[in-house]
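Have a look at work31.cif below; it lists mmCIF, C-alpha atoms.
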```cif
data_target
loop_
_atom_site.label_atom_id
_atom_site.label_comp_id
_atom_site.auth_asym_id
_atom_site.auth_seq_id
_atom_site.Cartn_x
_atom_site.Cartn_y
_atom_site.Cartn_z
CA MET P 1 120.92 108.41 123.90
CA LYS P 2 122.85 111.52 123.01
CA LEU P 3 121.42 113.76 120.37
CA PHE P 4 123.50 114.26 117.27
CA ILE P 5 122.96 117.95 116.62
CA VAL P 6 123.57 119.64 113.33
CA THR P 7 123.18 123.38 112.93
CA LEU P 8 121.19 124.03 109.79
CA LEU P 9 121.32 127.13 107.67
CA MET P 10 118.27 129.38 107.70
CA ILE P 11 118.28 130.94 104.25
CA VAL P 12 116.51 134.00 102.88
CA SER P 13 112.73 134.22 102.85
CA TYR P 14 110.48 132.72 100.17
CA GLY P 15 109.57 136.16 98.95
CA CYS P 16 112.60 136.03 96.64
CA THR P 17 112.12 135.36 92.93
CA ASN P 18 115.73 134.39 92.18
CA VAL P 19 117.34 131.05 92.87
CA CYS P 20 118.53 130.84 96.47
CA SER P 21 121.16 128.48 97.90
CA ALA P 22 121.58 126.42 101.07
CA GLN P 23 124.65 125.18 102.88
CA GLU P 24 125.34 121.44 102.60
CA ASN P 25 125.38 119.60 105.93
CA LYS P 26 127.16 116.24 105.95
CA TRP P 27 125.80 113.76 108.43
CA ARG P 28 126.26 109.97 108.29
CA PRO P 29 127.47 107.39 105.75
CA GLY P 30 124.49 106.12 103.81
CA LEU P 31 122.47 106.13 100.60
CA GLN P 32 118.92 106.72 99.33
CA PRO P 33 117.33 108.74 102.17
CA GLN P 34 113.54 108.74 102.46
CA LEU P 35 111.46 111.15 104.56
CA SER P 36 108.06 111.16 106.23
CA LYS P 37 106.15 113.48 108.54
CA ASP P 38 103.43 112.17 110.83
CA ASN P 39 100.30 113.92 112.15
CA ARG P 40 102.24 115.49 115.01
CA GLY P 41 104.88 116.92 112.69
CA VAL P 42 107.58 114.39 113.64
CA ILE P 43 110.04 113.91 110.76
CA ARG P 44 111.56 110.49 110.17
CA MET P 45 114.58 109.99 107.93
CA VAL P 46 115.33 106.44 106.79
CA TYR P 47 118.36 105.40 104.75
CA GLY P 48 120.48 102.38 103.91
CA ALA P 49 124.13 101.60 104.59
CA GLY P 50 125.14 98.30 103.00
CA ASP P 51 122.54 95.79 104.16
CA THR P 52 121.51 97.87 107.18
CA ILE P 53 118.54 100.22 107.49
CA PHE P 54 118.63 103.16 109.90
CA CYS P 55 116.01 105.66 111.04
CA ALA P 56 116.58 109.05 112.72
CA THR P 57 113.78 111.17 114.19
CA SER P 58 113.26 114.90 114.66
CA SER P 59 110.55 116.43 116.87
CA ASN P 60 111.57 120.04 116.19
CA ASN P 61 111.00 120.45 112.45
CA GLY P 62 114.37 119.02 111.41
CA GLN P 63 116.51 121.33 113.54
CA THR P 64 117.99 118.37 115.47
CA PHE P 65 117.80 114.59 115.05
CA SER P 66 118.20 111.63 117.34
CA ASN P 67 121.08 109.28 116.74
CA PRO P 68 119.97 106.82 114.06
CA LYS P 69 118.25 103.68 115.35
CA LEU P 70 118.70 100.29 113.73
CA VAL P 71 115.55 99.31 111.86
CA ALA P 72 116.75 96.01 110.39
CA VAL P 73 119.42 94.18 108.45
CA VAL P 74 118.27 92.85 105.07
CA LYS P 75 120.84 90.54 103.51
CA ASP P 76 121.72 91.53 99.92
CA MET P 77 119.41 94.55 100.03
CA HIS P 78 118.85 96.58 96.88
CA LEU P 79 120.35 100.03 97.45
CA GLY P 80 120.86 102.77 94.87
CA MET P 81 119.18 104.23 91.76
CA SER P 82 115.79 104.63 93.51
CA ARG P 83 116.18 101.20 95.09
CA GLY P 84 116.44 101.15 98.85
CA PRO P 85 114.34 101.40 102.01
CA GLN P 86 110.92 102.99 101.50
CA LEU P 87 109.11 104.86 104.29
CA ALA P 88 105.53 105.83 105.15
CA SER P 89 103.98 107.19 108.35
CA SER P 90 100.36 107.09 109.48
CA ALA P 91 98.85 108.60 112.64
CA ASN P 92 100.28 106.03 115.04
CA TYR P 93 102.69 103.85 113.06
CA SER P 94 105.51 104.00 110.53
CA MET P 95 106.54 101.34 108.04
CA VAL P 96 109.79 100.66 106.21
CA ALA P 97 109.91 98.32 103.22
CA ALA P 98 113.06 97.02 101.52
CA VAL P 99 113.66 94.49 98.77
CA ASP P 100 116.50 91.98 98.68
CA LYS P 101 118.18 90.96 95.42
CA ASN P 102 116.32 87.65 95.37
CA GLY P 103 113.05 89.59 95.20
CA SER P 104 111.50 89.45 98.69
CA VAL P 105 109.72 92.62 99.87
CA HIS P 106 110.58 92.86 103.58
CA THR P 107 108.54 95.15 105.85
CA PHE P 108 109.14 96.54 109.34
CA CYS P 109 106.78 98.56 111.54
CA GLN P 110 107.27 101.06 114.33
CA SER P 111 104.72 102.05 116.96
CA HIS P 112 105.09 105.78 117.55
CA SER P 113 104.21 105.29 121.21
CA THR P 114 107.16 102.96 121.89
CA GLY P 115 109.58 103.82 119.08
CA LYS P 116 110.36 100.12 118.65
CA TRP P 117 110.82 98.58 115.20
CA THR P 118 109.48 95.06 114.62
CA ARG P 119 109.62 92.73 111.63
CA CYS P 120 106.34 92.15 109.80
CA LYS P 121 105.39 89.71 107.06
CA ASN P 122 106.79 90.14 103.57
CA ALA P 123 104.48 92.13 101.31
CA ASN P 124 104.81 89.80 98.31
CA ASP P 125 103.06 86.44 98.70
CA VAL P 126 104.99 84.78 95.86
CA ALA P 127 108.62 84.07 96.72
CA ASN P 128 111.25 86.09 94.85
CA SER P 129 108.69 87.88 92.69
CA ALA P 130 110.25 91.37 92.96
CA PRO P 131 113.93 90.96 91.97
CA GLU P 132 114.07 94.38 90.26
CA GLY P 133 113.82 95.98 93.72
CA LEU P 134 111.60 98.88 92.62
CA MET P 135 108.68 99.53 94.97
CA ASN P 136 106.93 102.16 97.08
CA ILE P 137 104.60 102.34 100.11
CA ALA P 138 101.97 104.75 101.46
CA ALA P 139 99.78 105.11 104.54
CA ASP P 140 96.28 106.45 105.22
CA GLU P 141 94.91 108.23 108.28
CA HIS P 142 93.62 104.95 109.76
CA ASP P 143 97.01 103.20 110.11
CA ASN P 144 96.53 101.15 106.94
CA PHE P 145 99.51 100.68 104.63
CA TYR P 146 99.65 100.15 100.88
CA ALA P 147 102.42 98.84 98.64
CA VAL P 148 103.19 98.70 94.93
CA TRP P 149 106.13 97.06 93.18
CA LEU P 150 107.39 95.63 89.90
CA ASP P 151 106.58 91.92 89.97
CA ILE P 152 107.57 89.05 87.65
CA ARG P 153 105.14 86.35 88.80
CA ASN P 154 103.37 86.56 85.45
CA ASP P 155 105.58 85.02 82.72
CA LYS P 156 108.76 86.35 84.42
CA THR P 157 108.10 89.86 83.11
CA ASN P 158 107.68 93.00 85.20
CA ASN P 159 104.17 94.31 85.77
CA ILE P 160 102.42 96.30 88.52
CA CYS P 161 101.56 94.46 91.74
CA PHE P 162 99.58 95.84 94.69
CA ALA P 163 98.84 94.83 98.28
CA LYS P 164 97.48 96.50 101.41
CA THR P 165 97.22 95.84 105.12
CA THR P 166 94.45 96.68 107.58
CA THR P 167 96.37 95.19 110.52
CA ARG P 168 98.84 98.00 111.20
CA GLY P 169 101.38 96.26 109.01
CA ARG P 170 101.27 92.83 110.61
CA SER P 171 99.85 91.05 107.56
CA TRP P 172 99.15 91.79 103.90
CA SER P 173 96.21 91.19 101.59
CA PRO P 174 96.55 88.68 98.77
CA ASN P 175 98.66 90.31 96.06
CA LYS P 176 96.97 91.62 92.96
CA LEU P 177 98.48 92.33 89.55
CA VAL P 178 96.62 95.58 88.90
CA TYR P 179 98.19 96.20 85.50
CA ILE P 180 99.67 93.85 82.92
CA SER P 181 101.00 95.57 79.82
CA PRO P 182 99.65 94.33 76.48
CA ASP P 183 103.29 94.55 75.35
CA LYS P 184 104.05 91.95 78.09
CA HIS P 185 105.80 94.26 80.56
CA VAL P 186 106.02 97.80 81.86
CA CYS P 187 109.28 99.77 82.02
CA GLU P 188 111.55 97.52 84.07
CA CYS P 189 113.80 100.21 85.54
CA CYS P 190 111.44 102.92 86.87
CA LYS P 191 110.03 102.85 90.38
CA PRO P 192 106.23 102.97 90.65
CA THR P 193 104.72 105.38 93.18
CA ILE P 194 101.63 104.97 95.37
CA ASN P 195 99.56 107.55 97.23
CA VAL P 196 96.34 107.32 99.24
CA ARG P 197 93.67 109.81 100.25
CA LYS P 198 90.61 108.55 102.15
CA SER P 199 89.41 105.50 100.19
CA ASP P 200 91.12 106.53 96.95
CA VAL P 201 94.36 104.81 95.92
CA TYR P 202 96.57 106.10 93.10
CA ILE P 203 99.51 104.37 91.43
CA GLN P 204 101.84 106.08 88.97
CA PHE P 205 104.14 103.97 86.80
CA ARG P 206 106.14 104.18 83.60
CA ASN P 207 104.62 101.98 80.93
CA TRP P 208 106.19 100.52 77.81
CA LEU P 209 103.73 100.53 74.90
CA ASN P 210 104.68 100.44 71.23
CA GLY P 211 108.21 101.52 72.07
CA SER P 212 107.12 104.50 74.22
CA ARG P 213 108.01 104.87 77.90
CA ASP P 214 105.35 107.24 79.22
CA LEU P 215 103.84 107.74 82.66
CA TYR P 216 100.40 106.32 83.46
CA LEU P 217 98.04 106.63 86.43
CA LEU P 218 95.96 103.84 87.96
CA SER P 219 93.16 104.77 90.38
CA SER P 220 90.82 103.03 92.79
CA ILE P 221 87.87 104.57 94.66
CA ASN P 222 87.35 101.61 96.98
CA GLY P 223 90.63 101.19 98.82
CA GLY P 224 92.30 99.11 96.12
CA LYS P 225 89.61 96.46 95.63
CA ASP P 226 89.30 97.49 91.99
CA PHE P 227 91.38 99.75 89.77
CA ASN P 228 90.27 101.72 86.74
CA GLN P 229 92.00 101.44 83.40
CA PRO P 230 95.27 103.42 83.45
CA VAL P 231 95.29 106.98 82.11
CA LYS P 232 98.30 108.34 80.25
CA LEU P 233 99.81 111.49 81.79
CA GLY P 234 100.74 114.36 79.50
CA ASP P 235 100.29 114.90 75.78
CA GLY P 236 103.71 113.98 74.42
CA THR P 237 105.45 110.62 74.20
CA TRP P 238 108.96 109.31 74.74
CA LYS P 239 110.16 106.76 72.21
CA LEU P 240 113.10 105.12 73.95
CA ASN P 241 114.89 101.81 73.64
CA ALA P 242 116.70 102.20 76.97
CA CYS P 243 115.99 102.52 80.69
CA PRO P 244 115.50 106.07 82.04
CA MET P 245 115.60 104.93 85.71
CA ASP P 246 113.13 107.70 86.59
CA GLY P 247 109.61 107.07 87.90
CA GLY P 248 108.57 110.52 89.14
CA GLY P 249 106.06 111.03 91.95
CA LEU P 250 102.54 112.12 92.85
CA VAL P 251 100.51 113.68 95.66
CA VAL P 252 96.77 113.80 96.37
CA ASN P 253 95.23 116.74 98.23
CA ASP P 254 92.23 116.88 100.57
CA GLN P 255 89.94 117.46 97.58
CA GLN P 256 91.33 114.21 96.12
CA GLN P 257 92.99 116.02 93.22
CA VAL P 258 96.13 114.36 91.86
CA THR P 259 99.28 116.28 90.98
CA SER P 260 102.24 114.42 89.52
CA VAL P 261 105.76 115.14 88.36
CA TRP P 262 107.77 113.06 85.92
CA ARG P 263 110.51 113.17 83.33
CA ARG P 264 110.29 112.95 79.55
CA GLU P 265 113.64 113.08 77.75
CA ASN P 266 115.64 115.71 79.67
CA LYS P 267 112.67 117.73 80.93
CA ILE P 268 110.69 117.67 84.19
CA TYR P 269 106.92 118.08 83.84
CA LEU P 270 104.05 118.79 86.21
CA SER P 271 100.70 117.30 85.26
CA LYS P 272 97.18 116.50 86.41
CA PRO P 273 95.02 113.76 84.89
CA GLY P 274 93.25 114.98 81.77
CA GLU P 275 95.25 118.21 81.55
CA THR P 276 98.17 119.35 79.42
CA GLU P 277 101.51 118.98 81.16
CA THR P 278 103.55 122.00 82.28
CA GLU P 279 107.32 122.06 81.82
CA ILE P 280 109.10 122.81 85.10
CA ALA P 281 112.81 122.55 84.26
CA SER P 282 115.54 120.48 82.70
CA GLY P 283 116.67 117.56 84.86
CA ARG P 284 115.91 114.10 86.22
CA ASN P 285 115.05 112.16 89.39
CA CYS P 286 112.09 114.34 90.32
CA SER P 287 109.72 113.92 93.24
CA ILE P 288 106.84 115.83 94.85
CA THR P 289 105.62 116.19 98.42
CA ASN P 290 103.04 118.06 100.54
CA PRO P 291 99.74 117.88 98.60
CA GLN P 292 98.18 121.12 99.90
CA HIS P 293 101.35 123.12 99.30
CA PRO P 294 103.34 121.14 96.69
CA ILE P 295 107.13 121.03 96.84
CA ILE P 296 109.02 119.58 93.83
CA THR P 297 112.60 118.33 93.93
CA TRP P 298 114.85 117.29 91.05
CA GLN P 299 118.43 116.94 89.86
CA GLU P 300 120.06 119.20 87.27
CA GLY P 301 123.45 117.59 86.63
CA ASP P 302 124.80 117.23 90.15
CA ARG P 303 122.89 120.27 91.41
CA LEU P 304 119.75 119.68 93.44
CA LYS P 305 116.71 121.91 93.04
CA VAL P 306 113.71 122.53 95.29
CA LYS P 307 110.65 124.39 93.96
CA ASP P 308 107.81 125.72 96.09
CA LEU P 309 104.89 125.74 93.64
CA ASN P 310 102.64 128.04 95.66
CA LYS P 311 105.37 130.66 96.13
CA ASN P 312 107.01 130.11 92.71
CA THR P 313 110.44 129.98 94.31
CA THR P 314 113.33 127.74 93.29
CA LEU P 315 116.11 126.91 95.74
CA ASN P 316 119.53 125.33 95.30
CA ALA P 317 119.79 122.65 97.98
CA GLY P 318 123.33 121.52 97.19
CA LYS P 319 125.15 118.91 95.11
CA GLY P 320 124.52 115.18 94.97
CA GLY P 321 121.59 112.99 93.96
CA PHE P 322 118.19 111.53 94.83
CA ILE P 323 116.88 114.44 96.88
CA LYS P 324 113.68 114.14 98.95
CA ALA P 325 111.80 116.81 100.90
CA VAL P 326 109.01 117.44 103.41
CA LYS P 327 107.28 120.64 104.47
CA THR P 328 107.84 121.31 108.19
CA ASN P 329 105.23 122.59 110.64
CA ASP P 330 107.14 125.88 110.95
CA ASP P 331 106.81 126.55 107.21
CA LYS P 332 110.30 125.48 106.16
CA ILE P 333 111.38 122.77 103.74
CA PHE P 334 113.50 119.96 105.12
CA CYS P 335 115.35 118.00 102.44
CA ALA P 336 117.85 115.14 102.41
CA TRP P 337 119.98 113.61 99.67
CA GLU P 338 123.07 111.50 99.06
CA ALA P 339 126.54 112.65 98.00
CA ASP P 340 129.83 110.71 98.01
CA GLY P 341 128.32 107.93 100.10
CA GLN P 342 126.98 110.24 102.80
CA ILE P 343 123.59 111.55 103.83
CA ILE P 344 123.39 115.32 103.37
CA PHE P 345 120.52 117.50 104.51
CA ALA P 346 119.35 121.07 105.01
CA ARG P 347 116.46 123.09 106.33
CA LEU P 348 115.50 125.70 103.74
#
```
Written as structure tokens, that's how I'd like the structure from this file.
Amino acid sequence: MKLFIVTLLMIVSYGCTNVCSAQENKWRPGLQPQLSKDNRGVIRMVYGAGDTIFCATSSNNGQTFSNPKLVAVVKDMHLGMSRGPQLASSANYSMVAAVDKNGSVHTFCQSHSTGKWTRCKNANDVANSAPEGLMNIAADEHDNFYAVWLDIRNDKTNNICFAKTTTRGRSWSPNKLVYISPDKHVCECCKPTINVRKSDVYIQFRNWLNGSRDLYLLSSINGGKDFNQPVKLGDGTWKLNACPMDGGGLVVNDQQQVTSVWRRENKIYLSKPGETETEIASGRNCSITNPQHPIITWQEGDRLKVKDLNKNTTLNAGKGGFIKAVKTNDDKIFCAWEADGQIIFARL
């Protein structure tokens, strides 16, 4: 298969304190890119185009990518506004999950040794229980995968559902509603996020309590068998009778410390459980990656921002929406986003 090669701009060093910019690089038609990096530094980029899911792979830190491979076709797949294929990579496998508009959570697995994608069982064990299409997956170092999604099996209202697999994605544990809001449902329009470190599992979600739509953190120290009561993130609150469509993100480092980013009103905040939040910028659609060396991405109007927390540097990636990033093994930041129905990316 021929390699589709894109020359990527190498911008100025991270020693700068001003905002730096990157050249936009148009690639393929598609929406909602997701990124992962496995133990060997291989970057995978998954995205949707209509009902079709594609995956492209880079073994040289995002400098070149293979032609996209077909992962699967999911009829009537959710795609857009944080809905779309989700991606996680472990040591030896990768998983893609996607939700159709009826509410089935489809999953597909790839063996890194063969590169072949195969269909696995649906994550949800109750038919059509996830029609909102908002979900996320994660992997641990032992090729186990974990999933969280908004689920309506309880009184047809959205609450937080969890499942895991210890069979390299071939089958899922019985589903568990790990949080049911006392106000009947959580925020119905914000994607929950899951992250795993060793035997600890963390789920971030936007709640809806007494008219407030604030971020909360669920945690488990035994691989998801039991979850503690959720902890509210940050000191403030957001009284809102509308859907912000913004779930934020979290990472967990080797010391099992959680760092999360999320939006309240028109501000992006960084927070850790039990600590006061720190305002990062104005914007929306934030995410965070690379737990030992955190990288935050967000949207400010149609301009996309990338912040290296350790180096206190902010970069302009380009224009568009729903930007994601990974730290490469050669100390660059590879990011991808969508603009005008195309996948755009850059190596910063």
Pick the closest to Arg213 in chain P from P:Lys176, P:Lys164, P:Arg284, P:Arg264: which is it, counting only C-alpha atoms?
P:Arg264
Near Arg263 in chain P, within 12 Å and counting only C-alpha atoms, which residues show up once chain neighbours fewer than 2 positions away are dropped, as a JSON list (two decimals) with C-alpha atoms, in the coordinates of the input?
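Output file around-v3.json is given in full below:
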```
[["chain", "number", "residue", "atom", "x", "y", "z"],
["P", 190, "CYS", "CA", 111.44, 102.92, 86.87],
["P", 205, "PHE", "CA", 104.14, 103.97, 86.80],
["P", 206, "ARG", "CA", 106.14, 104.18, 83.60],
["P", 213, "ARG", "CA", 108.01, 104.87, 77.90],
["P", 214, "ASP", "CA", 105.35, 107.24, 79.22],
["P", 215, "LEU", "CA", 103.84, 107.74, 82.66],
["P", 233, "LEU", "CA", 99.81, 111.49, 81.79],
["P", 234, "GLY", "CA", 100.74, 114.36, 79.50],
["P", 236, "GLY", "CA", 103.71, 113.98, 74.42],
["P", 237, "THR", "CA", 105.45, 110.62, 74.20],
["P", 238, "TRP", "CA", 108.96, 109.31, 74.74],
["P", 244, "PRO", "CA", 115.50, 106.07, 82.04],
["P", 245, "MET", "CA", 115.60, 104.93, 85.71],
["P", 246, "ASP", "CA", 113.13, 107.70, 86.59],
["P", 247, "GLY", "CA", 109.61, 107.07, 87.90],
["P", 248, "GLY", "CA", 108.57, 110.52, 89.14],
["P", 249, "GLY", "CA", 106.06, 111.03, 91.95],
["P", 260, "SER", "CA", 102.24, 114.42, 89.52],
["P", 261, "VAL", "CA", 105.76, 115.14, 88.36],
["P", 265, "GLU", "CA", 113.64, 113.08, 77.75],
["P", 266, "ASN", "CA", 115.64, 115.71, 79.67],
["P", 267, "LYS", "CA", 112.67, 117.73, 80.93],
["P", 268, "ILE", "CA", 110.69, 117.67, 84.19],
["P", 269, "TYR", "CA", 106.92, 118.08, 83.84],
["P", 270, "LEU", "CA", 104.05, 118.79, 86.21],
["P", 271, "SER", "CA", 100.70, 117.30, 85.26],
["P", 277, "GLU", "CA", 101.51, 118.98, 81.16],
["P", 278, "THR", "CA", 103.55, 122.00, 82.28],
["P", 279, "GLU", "CA", 107.32, 122.06, 81.82],
["P", 280, "ILE", "CA", 109.10, 122.81, 85.10],
["P", 281, "ALA", "CA", 112.81, 122.55, 84.26],
["P", 282, "SER", "CA", 115.54, 120.48, 82.70],
["P", 283, "GLY", "CA", 116.67, 117.56, 84.86],
["P", 284, "ARG", "CA", 115.91, 114.10, 86.22],
["P", 285, "ASN", "CA", 115.05, 112.16, 89.39],
["P", 286, "CYS", "CA", 112.09, 114.34, 90.32],
["P", 287, "SER", "CA", 109.72, 113.92, 93.24],
["P", 297, "THR", "CA", 112.60, 118.33, 93.93],
["P", 298, "TRP", "CA", 114.85, 117.29, 91.05],
["P", 299, "GLN", "CA", 118.43, 116.94, 89.86],
["P", 300, "GLU", "CA", 120.06, 119.20, 87.27]]
```
For the PyMOL selection byres ((chain P and resi 241) around 9), applied here, can you spell out every residue it catches as a PyMOL selection string?
chain P and resi 211-213+239-240+242-243
Written file, previous selection with C-alpha atoms, as a PDB file, in the coordinates of the input:
```pdb
ATOM      1  CA  GLY P 211     108.210 101.520  72.070  1.00  0.00           C
ATOM      2  CA  SER P 212     107.120 104.500  74.220  1.00  0.00           C
ATOM      3  CA  ARG P 213     108.010 104.870  77.900  1.00  0.00           C
ATOM      4  CA  LYS P 239     110.160 106.760  72.210  1.00  0.00           C
ATOM      5  CA  LEU P 240     113.100 105.120  73.950  1.00  0.00           C
ATOM      6  CA  ALA P 242     116.700 102.200  76.970  1.00  0.00           C
ATOM      7  CA  CYS P 243     115.990 102.520  80.690  1.00  0.00           C
TER       8      CYS P 243
END
```
As a check of understanding, name the residues that the PyMOL selection byres ((chain P and resi 42) around 10) selects in the supplied structure, as a CSV table (one decimal) with C-alpha atoms, keeping the file's coordinate frame.
```
chain,number,residue,atom,x,y,z
P,36,SER,CA,108.1,111.2,106.2
P,37,LYS,CA,106.2,113.5,108.5
P,38,ASP,CA,103.4,112.2,110.8
P,39,ASN,CA,100.3,113.9,112.2
P,40,ARG,CA,102.2,115.5,115.0
P,41,GLY,CA,104.9,116.9,112.7
P,43,ILE,CA,110.0,113.9,110.8
P,44,ARG,CA,111.6,110.5,110.2
P,57,THR,CA,113.8,111.2,114.2
P,58,SER,CA,113.3,114.9,114.7
P,59,SER,CA,110.6,116.4,116.9
P,60,ASN,CA,111.6,120.0,116.2
P,61,ASN,CA,111.0,120.4,112.4
P,62,GLY,CA,114.4,119.0,111.4
P,89,SER,CA,104.0,107.2,108.4
P,112,HIS,CA,105.1,105.8,117.6
P,328,THR,CA,107.8,121.3,108.2
P,329,ASN,CA,105.2,122.6,110.6
```
Need the shell around Leu79 in chain P: protein/DNA/RNA residues with any atom at most 10 Å away, counting all atoms listed in the file. Skip same-chain ones fewer than 2 positions apart. Format as a PyMOL selection string?
chain P and resi 30-32+47-51+76-77+81-85+98-101+133
Selected residue of minimal separation from Lys319 in chain P among P:Ile194, P:Ile288, P:Cys187, P:Leu304, counting all atoms listed in the file
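Between P:Ile194, P:Ile288, P:Cys187, P:Leu304, the residue approaching Lys319 in chain P most closely is P:Leu304.
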Selection result of the PyMOL selection byres ((chain P and resi 70) around 10) on this file, as a list in words:
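Selected by the PyMOL selection byres ((chain P and resi 70) around 10) in this file: Val46, Thr52, Ile53, Phe54, Cys55, Ala56, Asn67, Pro68, Lys69, Val71, Ala72, Val73, Lys116 and Trp117 of chain P.
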Shell around Asn310 in chain P at 9 Å using all atoms listed in the file, local window under 5 positions removed, as number ranges by chain:
P: 293-295
File of the preceding selection, C-alpha atoms, as a short mmCIF file (atom, residue, chain, number, x, y, z; two decimals), in the frame of the given file:
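After the write, out_28.cif holds the following:
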```
data_model
loop_
_atom_site.label_atom_id
_atom_site.label_comp_id
_atom_site.auth_asym_id
_atom_site.auth_seq_id
_atom_site.Cartn_x
_atom_site.Cartn_y
_atom_site.Cartn_z
CA HIS P 293 101.35 123.12 99.30
CA PRO P 294 103.34 121.14 96.69
CA ILE P 295 107.13 121.03 96.84
#
```
Which value, in Å to one decimal, gives the distance between CA of Gln86 in chain P and CA of Ala138 in chain P?
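So the two atoms, CA of Gln86 in chain P and CA of Ala138 in chain P, lie 9.1 Å apart.
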Just how far from CA of Val201 in chain P is CA of Gln292 in chain P, in Å to one decimal?
17.2 Å
To one decimal in Å, tell me the separation between CA of Pro33 in chain P and CA of Ala336 in chain P.
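Value for the CA of Pro33 in chain P-CA of Ala336 in chain P distance: 6.4 Å.
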Can you fill out range 118-129 of chain P with N, CA, C and O atoms and hand it back as a JSON list (two decimals), keeping the file's coordinate frame?
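So rebuild12.json came out as:
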```
[["chain", "number", "residue", "atom", "x", "y", "z"],
["P", 118, "THR", "N", 109.69, 96.50, 114.62],
["P", 118, "THR", "CA", 109.48, 95.06, 114.62],
["P", 118, "THR", "C", 109.32, 94.57, 113.19],
["P", 118, "THR", "O", 108.82, 95.29, 112.32],
["P", 119, "ARG", "N", 109.76, 93.34, 112.95],
["P", 119, "ARG", "CA", 109.62, 92.73, 111.63],
["P", 119, "ARG", "C", 108.17, 92.32, 111.41],
["P", 119, "ARG", "O", 107.52, 91.77, 112.30],
["P", 120, "CYS", "N", 107.67, 92.59, 110.20],
["P", 120, "CYS", "CA", 106.34, 92.15, 109.80],
["P", 120, "CYS", "C", 106.47, 91.14, 108.66],
["P", 120, "CYS", "O", 107.58, 90.81, 108.23],
["P", 121, "LYS", "N", 105.34, 90.67, 108.15],
["P", 121, "LYS", "CA", 105.39, 89.71, 107.06],
["P", 121, "LYS", "C", 105.84, 90.39, 105.77],
["P", 121, "LYS", "O", 105.65, 91.59, 105.59],
["P", 122, "ASN", "N", 106.43, 89.61, 104.88],
["P", 122, "ASN", "CA", 106.79, 90.14, 103.57],
["P", 122, "ASN", "C", 105.52, 90.57, 102.82],
["P", 122, "ASN", "O", 104.47, 89.93, 102.94],
["P", 123, "ALA", "N", 105.64, 91.63, 102.05],
["P", 123, "ALA", "CA", 104.48, 92.13, 101.31],
["P", 123, "ALA", "C", 104.11, 91.22, 100.15],
["P", 123, "ALA", "O", 102.93, 91.05, 99.84],
["P", 124, "ASN", "N", 105.12, 90.66, 99.47],
["P", 124, "ASN", "CA", 104.81, 89.80, 98.31],
["P", 124, "ASN", "C", 104.55, 88.37, 98.78],
["P", 124, "ASN", "O", 105.32, 87.80, 99.56],
["P", 125, "ASP", "N", 103.46, 87.79, 98.29],
["P", 125, "ASP", "CA", 103.06, 86.44, 98.70],
["P", 125, "ASP", "C", 103.54, 85.35, 97.74],
["P", 125, "ASP", "O", 103.19, 84.17, 97.92],
["P", 126, "VAL", "N", 104.31, 85.73, 96.73],
["P", 126, "VAL", "CA", 104.99, 84.78, 95.86],
["P", 126, "VAL", "C", 106.49, 84.99, 96.05],
["P", 126, "VAL", "O", 106.98, 86.12, 95.90],
["P", 127, "ALA", "N", 107.19, 83.94, 96.41],
["P", 127, "ALA", "CA", 108.62, 84.07, 96.72],
["P", 127, "ALA", "C", 109.40, 84.63, 95.53],
["P", 127, "ALA", "O", 109.17, 84.23, 94.38],
["P", 128, "ASN", "N", 110.29, 85.57, 95.83],
["P", 128, "ASN", "CA", 111.25, 86.09, 94.85],
["P", 128, "ASN", "C", 110.59, 86.71, 93.62],
["P", 128, "ASN", "O", 111.13, 86.64, 92.51],
["P", 129, "SER", "N", 109.43, 87.34, 93.83],
["P", 129, "SER", "CA", 108.69, 87.88, 92.69],
["P", 129, "SER", "C", 109.06, 89.32, 92.36],
["P", 129, "SER", "O", 108.57, 89.86, 91.37]]
```
